[in-house]
file final-v1.txt (compact mmCIF, C-alpha atoms)
# COMPACT_ATOMS: atom_id res chain seq x y z
CA GLN A 29 -6.16 68.88 -25.51
CA GLN A 30 -4.19 71.47 -23.61
CA GLN A 31 -6.58 74.10 -22.42
CA VAL A 32 -4.08 76.29 -20.59
CA LYS A 33 -0.84 77.22 -22.32
CA GLN A 34 1.96 78.45 -20.10
CA SER A 35 5.24 80.09 -21.07
CA PRO A 36 8.13 80.15 -20.72
CA GLN A 37 9.01 76.62 -19.68
CA SER A 38 12.00 77.91 -17.72
CA LEU A 39 13.13 81.35 -16.62
CA ILE A 40 16.36 82.63 -15.13
CA VAL A 41 16.32 86.02 -13.44
CA GLN A 42 18.84 87.96 -11.43
CA LYS A 43 18.09 88.89 -7.84
CA GLY A 44 16.03 92.07 -7.77
CA GLY A 45 14.70 91.60 -11.27
CA ILE A 46 11.16 91.08 -12.49
CA SER A 47 9.93 87.58 -13.33
CA ILE A 48 7.04 87.32 -15.77
CA ILE A 49 5.15 84.13 -16.56
CA ASN A 50 2.33 84.08 -19.09
CA CYS A 51 -0.69 81.87 -19.53
CA ALA A 52 -3.47 81.66 -22.10
CA TYR A 53 -6.71 79.74 -21.90
CA GLU A 54 -9.34 78.67 -24.37
CA ASN A 55 -12.49 77.84 -22.45
CA THR A 56 -14.54 80.94 -21.73
CA ALA A 57 -16.37 79.06 -18.97
CA PHE A 58 -13.31 79.35 -16.74
CA ASP A 59 -13.95 81.90 -14.03
CA TYR A 60 -11.17 81.46 -11.50
CA PHE A 61 -7.45 81.68 -12.22
CA PRO A 62 -5.05 80.61 -9.47
CA TRP A 63 -1.28 80.40 -9.47
CA TYR A 64 0.46 77.68 -7.54
CA GLN A 65 4.06 77.60 -6.36
CA GLN A 66 5.91 74.32 -5.94
CA PHE A 67 9.25 73.78 -4.25
CA PRO A 68 11.26 70.59 -4.92
CA GLY A 69 9.91 67.64 -2.97
CA LYS A 70 6.75 69.46 -1.96
CA GLY A 71 3.21 69.70 -3.17
CA PRO A 72 2.01 72.85 -4.94
CA ALA A 73 0.69 75.64 -2.74
CA LEU A 74 -1.65 78.45 -3.68
CA LEU A 75 0.24 81.69 -4.29
CA ILE A 76 -2.36 84.11 -5.60
CA ALA A 77 -5.61 83.95 -7.55
CA ILE A 78 -7.87 86.22 -9.56
CA ARG A 79 -11.44 86.35 -10.80
CA PRO A 80 -12.15 87.70 -14.31
CA ASP A 81 -14.12 90.67 -12.99
CA VAL A 82 -10.85 92.44 -12.12
CA SER A 83 -7.87 93.16 -14.35
CA GLU A 84 -5.16 93.06 -11.70
CA LYS A 85 -4.54 91.69 -8.24
CA LYS A 86 -1.50 92.39 -6.13
CA GLU A 87 -0.27 90.62 -3.02
CA GLY A 88 3.10 91.83 -1.84
CA ARG A 89 5.65 91.29 -4.61
CA PHE A 90 3.27 89.10 -6.63
CA THR A 91 0.82 90.53 -9.15
CA ILE A 92 -1.62 88.85 -11.52
CA SER A 93 -2.60 90.75 -14.63
CA PHE A 94 -5.71 89.52 -16.39
CA ASN A 95 -6.91 90.27 -19.92
CA LYS A 96 -10.35 88.76 -20.38
CA SER A 97 -10.77 89.70 -24.05
CA ALA A 98 -7.45 88.13 -24.97
CA LYS A 99 -8.02 85.18 -22.62
CA GLN A 100 -4.60 85.70 -21.13
CA PHE A 101 -3.23 86.20 -17.65
CA SER A 102 0.25 86.60 -16.26
CA LEU A 103 2.17 86.48 -13.01
CA HIS A 104 4.67 89.21 -12.23
CA ILE A 105 7.17 88.75 -9.41
CA MET A 106 8.76 92.05 -8.49
CA ASP A 107 12.16 92.25 -6.79
CA SER A 108 12.69 88.53 -7.38
CA GLN A 109 14.61 86.74 -4.63
CA PRO A 110 16.56 83.44 -4.60
CA GLY A 111 13.87 82.09 -2.27
CA ASP A 112 11.37 82.53 -5.11
CA SER A 113 13.17 79.81 -7.09
CA ALA A 114 10.48 77.21 -7.65
CA THR A 115 8.13 75.85 -10.28
CA TYR A 116 5.05 77.96 -10.92
CA PHE A 117 1.80 76.63 -12.33
CA CYS A 118 -1.05 78.68 -13.63
CA ALA A 119 -4.49 77.12 -13.62
CA ALA A 120 -7.99 77.81 -14.81
CA SER A 121 -11.11 76.63 -13.11
CA SER A 122 -14.85 76.63 -13.37
CA TRP A 123 -15.85 75.59 -9.88
CA ARG A 124 -19.18 75.49 -8.19
CA GLN A 125 -19.50 74.63 -4.51
CA PRO A 126 -21.31 71.37 -3.72
CA ARG A 127 -24.14 73.28 -2.03
CA TRP A 128 -24.81 74.91 -5.42
CA GLY A 129 -24.99 71.67 -7.34
CA GLY A 130 -21.29 71.05 -7.54
CA SER A 131 -19.23 70.92 -10.70
CA GLU A 132 -15.56 71.12 -11.40
CA LYS A 133 -13.16 71.77 -14.19
CA LEU A 134 -9.61 72.55 -13.18
CA VAL A 135 -6.81 72.62 -15.69
CA PHE A 136 -3.16 73.41 -15.00
CA GLY A 137 -0.51 74.81 -17.28
CA LYS A 138 2.64 72.77 -17.78
CA GLY A 139 4.66 74.83 -15.34
CA THR A 140 7.55 77.28 -15.38
CA LYS A 141 10.76 76.57 -13.53
CA LEU A 142 12.02 79.86 -12.14
CA THR A 143 15.61 80.26 -11.02
CA VAL A 144 16.62 83.49 -9.32
CA ASN A 145 20.38 83.93 -9.21
CA PRO A 146 21.94 85.73 -6.24
CA GLU B 13 -2.02 71.11 11.91
CA ALA B 14 -4.16 71.21 8.77
CA GLN B 15 -2.78 68.77 6.28
CA VAL B 16 -3.30 66.29 3.47
CA THR B 17 -1.44 63.05 4.11
CA GLN B 18 -0.49 60.60 1.41
CA ASN B 19 0.98 57.12 1.79
CA PRO B 20 3.25 55.69 0.65
CA ARG B 21 5.53 58.57 -0.30
CA TYR B 22 7.67 56.29 -2.43
CA LEU B 23 6.82 52.97 -4.02
CA ILE B 24 8.44 50.68 -6.54
CA THR B 25 6.23 47.93 -7.86
CA VAL B 26 5.92 45.59 -10.82
CA THR B 27 3.48 45.53 -13.69
CA GLY B 28 0.10 44.08 -12.75
CA LYS B 29 0.47 44.13 -8.98
CA LYS B 30 -2.50 45.98 -7.52
CA LEU B 31 -1.69 48.89 -5.29
CA THR B 32 -3.49 51.59 -3.35
CA VAL B 33 -2.24 55.07 -2.53
CA THR B 34 -4.06 56.44 0.47
CA CYS B 35 -5.01 60.07 1.01
CA SER B 36 -6.43 61.56 4.17
CA GLN B 37 -7.27 65.14 5.11
CA ASN B 38 -8.04 66.55 8.55
CA MET B 39 -9.78 69.76 7.45
CA ASN B 40 -13.30 68.36 7.00
CA HIS B 41 -13.12 69.29 3.32
CA GLU B 42 -15.90 68.21 0.98
CA TYR B 43 -13.83 68.21 -2.19
CA MET B 44 -10.86 65.92 -2.85
CA SER B 45 -8.95 65.11 -6.01
CA TRP B 46 -5.99 63.24 -7.44
CA TYR B 47 -3.39 64.54 -9.88
CA ARG B 48 -0.38 63.10 -11.60
CA GLN B 49 2.65 65.21 -12.38
CA ASP B 50 4.96 64.29 -15.23
CA PRO B 51 7.93 66.25 -16.62
CA GLY B 52 6.82 68.65 -19.30
CA LEU B 53 3.15 67.85 -18.78
CA GLY B 54 2.39 69.67 -15.55
CA LEU B 55 -0.42 68.50 -13.30
CA ARG B 56 -3.22 66.48 -14.79
CA GLN B 57 -6.37 65.60 -12.91
CA ILE B 58 -7.17 61.89 -12.57
CA TYR B 59 -10.36 61.83 -10.49
CA TYR B 60 -12.17 64.12 -8.14
CA SER B 61 -14.88 63.85 -5.52
CA MET B 62 -17.34 66.57 -4.61
CA ASN B 63 -18.47 64.71 -1.47
CA VAL B 64 -18.90 61.27 0.06
CA GLU B 65 -20.00 58.71 -2.54
CA VAL B 66 -19.73 61.34 -5.31
CA THR B 67 -16.80 60.87 -7.69
CA ASP B 68 -16.11 61.89 -11.27
CA LYS B 69 -13.42 61.47 -13.90
CA GLY B 70 -10.79 64.08 -14.56
CA ASP B 71 -8.69 64.33 -17.69
CA VAL B 72 -6.65 61.11 -17.35
CA PRO B 73 -8.75 58.50 -15.49
CA GLU B 74 -7.76 55.43 -17.51
CA GLY B 75 -6.17 52.72 -15.37
CA TYR B 76 -7.25 54.25 -12.06
CA LYS B 77 -10.11 53.79 -9.63
CA VAL B 78 -11.18 55.81 -6.62
CA SER B 79 -13.69 55.56 -3.81
CA ARG B 80 -15.02 58.06 -1.29
CA LYS B 81 -16.68 56.19 1.55
CA GLU B 82 -15.62 58.65 4.23
CA LYS B 83 -15.25 62.39 4.04
CA ARG B 84 -11.62 62.40 5.15
CA ASN B 85 -10.28 59.61 2.89
CA PHE B 86 -9.91 59.36 -0.88
CA PRO B 87 -7.74 56.40 -1.93
CA LEU B 88 -6.36 55.98 -5.44
CA ILE B 89 -6.38 52.41 -6.70
CA LEU B 90 -4.28 51.02 -9.53
CA GLU B 91 -5.81 47.63 -10.27
CA SER B 92 -3.14 46.54 -12.74
CA PRO B 93 -0.32 49.08 -12.84
CA SER B 94 1.65 49.56 -16.01
CA PRO B 95 4.97 51.37 -16.64
CA ASN B 96 3.17 54.37 -18.14
CA GLN B 97 1.68 54.99 -14.69
CA THR B 98 5.13 55.73 -13.32
CA SER B 99 4.63 59.25 -12.05
CA LEU B 100 4.44 61.62 -9.11
CA TYR B 101 0.95 61.62 -7.65
CA PHE B 102 -0.67 64.34 -5.60
CA CYS B 103 -3.84 64.29 -3.58
CA ALA B 104 -5.57 67.58 -2.82
CA SER B 105 -8.58 68.83 -0.92
CA ARG B 106 -10.65 71.97 -0.84
CA GLY B 107 -13.19 73.21 1.63
CA SER B 108 -16.13 75.50 1.43
CA SER B 109 -14.61 78.71 2.76
CA GLY B 110 -15.40 81.49 0.36
CA GLU B 111 -16.72 81.11 -3.12
CA TYR B 112 -13.52 79.53 -4.40
CA GLY B 113 -11.66 77.55 -1.80
CA GLU B 114 -7.91 77.10 -1.77
CA LEU B 115 -6.70 73.71 -2.96
CA PHE B 116 -4.43 72.04 -0.38
CA PHE B 117 -1.99 69.46 -1.72
CA GLY B 118 -0.29 66.55 -0.06
CA GLU B 119 3.47 66.12 -0.40
CA GLY B 120 3.20 63.60 -3.19
CA SER B 121 3.69 59.89 -3.80
CA ARG B 122 6.37 58.88 -6.25
CA LEU B 123 5.41 55.64 -7.96
CA THR B 124 7.64 53.54 -10.18
CA VAL B 125 6.17 50.63 -12.10
CA LEU B 126 8.74 48.20 -13.52
call {"tool": "encode", "arguments": {"input": "final-v1.txt", "output": "structure tokens"}}
result
Amino acid sequence: QQQVKQSPQSLIVQKGGISIINCAYENTAFDYFPWYQQFPGKGPALLIAIRPDVSEKKEGRFTISFNKSAKQFSLHIMDSQPGDSATYFCAASSWRQPRWGGSEKLVFGKGTKLTVNP
Amino acid sequence: EAQVTQNPRYLITVTGKKLTVTCSQNMNHEYMSWYRQDPGLGLRQIYYSMNVEVTDKGDVPEGYKVSRKEKRNFPLILESPSPNQTSLYFCASRGSSGEYGELFFGEGSRLTVL
């Protein structure tokens, strides 16, 4: 059962353009939504994350938009650069620290391969 | 340097030959987990551990075992590997900084089972 649906599977953008990747989730217990960036031959690395109590979070050229009622969230990359070419994974988590009893549910989308042409 | 180290990085083995992929982190993290990455399927969680001697199944635990006897180590054991376990495996860890800690991934272990 896929609990996080990510689209598109691949995306080609020209340098300077806007890249948009969308994700939708089903489980309303999820309360943390990170995006990970993965370069070839490397492990994923946290890019940006959002909690559902805000509708938008911006860090530099990267912005997460979150729509709690629609159970959707998206990543926007402004002024896309060739160095942004990578695979992007959205994820949804319901995580409680061990000192608070500890529980975990972390589900990733299937990934989007972004290519930014010079 | 803070890191998650996996070994081996590459391995070719045959069906049924037990193998262990080691994972070690130097950040004193409580939480560790294993994922497999397959084309078109993204990252799927195999097992996770909230602390020493505390482990739990993820979404695809069949055919795998784990143990957490020390805080820094979380090995993944394939008792009798099969070709459908050919995959790219990632270990990850997360600490207790903030309410939701960042997940740190290793560089991956590419396993081929013939």
call {"tool": "atom_distance", "arguments": {"input": "final-v1.txt", "atom1": "atom CA of B:Gly120", "atom2": "atom CA of A:Pro110"}}
result
24.0 Å
call {"tool": "interface_residues", "arguments": {"input": "final-v1.txt", "of": "chain A", "to": "chain B", "cutoff": "12 Å", "atoms": "all atoms listed in the file", "output": "number ranges by chain"}}
result
A: 29-38, 59-79, 115-141
call {"tool": "residues_near_point", "arguments": {"input": "final-v1.txt", "point": "(-6.1, 58.7, -14.2)", "cutoff": "10 Å", "atoms": "only C-alpha atoms", "output": "MDAnalysis selection string"}}
result
chainID B and resid 46:48 56:59 69:78 88:90 97
call {"tool": "atom_distance", "arguments": {"input": "final-v1.txt", "atom1": "atom CA of A:Pro80", "atom2": "atom CA of A:Ile49"}}
result
17.8 Å
call {"tool": "residues_near_point", "arguments": {"input": "final-v1.txt", "point": "(-8.9, 67.4, 8.1)", "cutoff": "8 Å", "atoms": "only C-alpha atoms", "output": "short mmCIF file (atom, residue, chain, number, x, y, z; two decimals) with C-alpha atoms, in the coordinates of the input"}}
result
data_model
loop_
_atom_site.label_atom_id
_atom_site.label_comp_id
_atom_site.auth_asym_id
_atom_site.auth_seq_id
_atom_site.Cartn_x
_atom_site.Cartn_y
_atom_site.Cartn_z
CA ALA B 14 -4.16 71.21 8.77
CA GLN B 15 -2.78 68.77 6.28
CA VAL B 16 -3.30 66.29 3.47
CA SER B 36 -6.43 61.56 4.17
CA GLN B 37 -7.27 65.14 5.11
CA ASN B 38 -8.04 66.55 8.55
CA MET B 39 -9.78 69.76 7.45
CA ASN B 40 -13.30 68.36 7.00
CA HIS B 41 -13.12 69.29 3.32
CA ARG B 84 -11.62 62.40 5.15
#
call {"tool": "closest_residue", "arguments": {"input": "final-v1.txt", "among": "B:Ser99, B:Asn85, B:Thr67, B:Ser94", "to": "B:Tyr22", "atoms": "only C-alpha atoms"}}
result
B:Ser99
call {"tool": "residues_around", "arguments": {"input": "final-v1.txt", "residues": "B:Thr98", "least_positions_apart": "4", "cutoff": "8 Å", "atoms": "all atoms listed in the file", "output": "PyMOL selection string"}}
result
chain B and resi 94+122-125
call {"tool": "atom_distance", "arguments": {"input": "final-v1.txt", "atom1": "atom CA of A:Asn50", "atom2": "atom CA of A:Ser102"}}
result
4.3 Å
